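Reviewing the structure listed below.
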Amino acid sequence: MAEPFLSIQHVRKSFGATTVVQDFNLDVEPGEFVSFLGPSGCGKTTVLRMVAGFEEPSAGKIVVAGKDITRLKPNQRNVGMVFQAYALFPNLTVAQNIGFGLKVAGMPKADADRRVAEMLDIIKLPQMGDRYPYQLSGGQQQRIALARAIAPKPKLLLLDEPLSALDAKVRVSLREEIRSIQKKLGITTIFVTHDQEEALSISDRIAVMYGGRAEQVGTPFEIYNRPATKFVANFVGTLNVLEGKVTDAASGKVQVNAQEVSLKGKLNGSKSGDTLSLALRPEAISLARQPGHDTSLSGEIAEVHFLGSVIRVRVGIGGNTVSLDTFNNSATPPPAVGEKADISFSSGDMLVLH
Ligand code: ATP
């Protein structure tokens, strides 16, 4: 890794006797887009607020561009922030909102006006400068909040669930816009979300958080395909879990529903006779046997959900139900509930959850 731009080192935060962030560590590269992903209450916002300077860490330090900023006030940190609620000043026009930080910093009016116009172009709302926030949609208001945050050219952009108050379509288009603006400006960004699809789609890396800790930090590809813990595997993406019993630890043989599969190299210290939780993503499983798949299990179609381009099928296998997706093919009707069905997969795609 290059020299980190932001380094969060052994940070802890307690409110009274309750510790909500513990030993949190993260290095963020210059220009990187990192998401904090986790369930409600896991400490995402608290870490972000400590980086912004709204909360003081109980222990640890925060370094930006080689400088310890742990005890600096928010306005000394050169950080831009966007919150979930739009938080625009209702009595100021859009242009005045965007120019607010520039005015506070004492930028000459002509320069500030130029910067505001530039920002309105970047967020693709060039004609909106004279409007008031109440005359804008939620998505437009959030773009103005983003423009206001980046107008003073902060070194760090902190986004706290900026999309969660918006409806689904606007969320998707605005997240793509945020990412493209962030890339264009090259601004180091932290984005807090509890939405895994959002985090997977826009991040360079994701810190998956649980109980005040970073469970795993990695690229979306790593987090999805190689989850380090049971929590990460379950929280990110749809997961099918099957029980397996180790029949021969030395050769990696595991029995799954009367089938023997080889999980050599993945048993991580499990002994013969141990029970394991084995996980498979829906896209690793096919209905009927596919070339290259070394394992097949027999079951019965339990549910069929027609989603348009794909059909999500749930197949009962022993006591478990397994989800898989088949592509819609207009020439072939979807399977029917109650039909017998075989599923197949490559045992190499199985994750052993520890
Ligand atoms: P959400 O997605 O719901 O916003 P989060 O992951 O951002 O959750 P935080 O807002 O960081 O979680 O809160 C973490 C924990 O710290 C929660 O249990 C919360 O109640 C607690 N907490 C946050 N701020 C304070 C405070 N000022 N005083 C006491 N407890 C607090």
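Just remember, in the structure tokens the first chain shown is A, the second B, etc., residues are 1-based per chain, and ligands are 1-based in the order shown.
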Shell of 7 Å around Tyr224 in chain A, only C-alpha atoms, local chain residues under 4 positions omitted, as an MDAnalysis selection string: chainID A and resid 220 236:237
Selection near Leu185 in chain A, 12 Å with only C-alpha atoms, sequence-local residues under 5 positions removed, as a ChimeraX atom specification: /A:30-33,119,122,147,150-151,153-157,178-180
Distance query range 160-170 of chain A at most 6 Å, only C-alpha atoms, self and fewer than 5 positions along chain excluded, as a list in words: Phe83, Gln84, Val192 and Thr193 of chain A
Contact residues around Ser296 in chain A with only C-alpha atoms at 12 Å, ignoring same-chain residues under 2 positions, as a PyMOL selection string: chain A and resi 256-261+285-294+298-299+317+341-347
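Excluding Phe15 in chain A itself and any same-chain residue fewer than 4 positions from it, the protein and nucleic acid residues within 12 Å of it, counting only C-alpha atoms, are Thr19, Val20, Val21, Gln22, Gly43, Thr46, Glu55, Glu56, Pro57 and Ser58 of chain A.
Atom 17 (C, counted along the ligand's line) of ligand 1 sits 29.4 Å away from CA of Pro90 in chain A.
You can rank A:Pro335, A:Gly101, A:Gly129, A:Gly212 by their closest distance to ligand 1 using only C-alpha atoms and all ligand atoms, and at the top of that list sits A:Gly212.
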Who sits within 10 Å of Gln140 in chain A, only C-alpha atoms, same chain under 6 positions skipped, as a ChimeraX atom specification: /A:86,123-125,128,133,146,170,174
Filtered DSSP result for range 14-259 of chain A, state helix (DSSP H, G or I), as a PyMOL selection string: chain A and resi 44-52+74-76+94-104+109-122+133-135+138-150+168-185+196-202+220-225+230-235
Residues of range 172-340 of chain A in strand (DSSP E or B), written as a ChimeraX atom specification: /A:188-193,205-210,213-218,240-248,253-256,259-262,275-280,285-287,295-306,310-317,320-327,340
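Counting only C-alpha atoms, Ser272 in chain A has the following residues at most 8 Å away, ignoring those fewer than 4 positions along the same chain: Lys245, Val246, Thr247, Asp248 and Ala249 of chain A.
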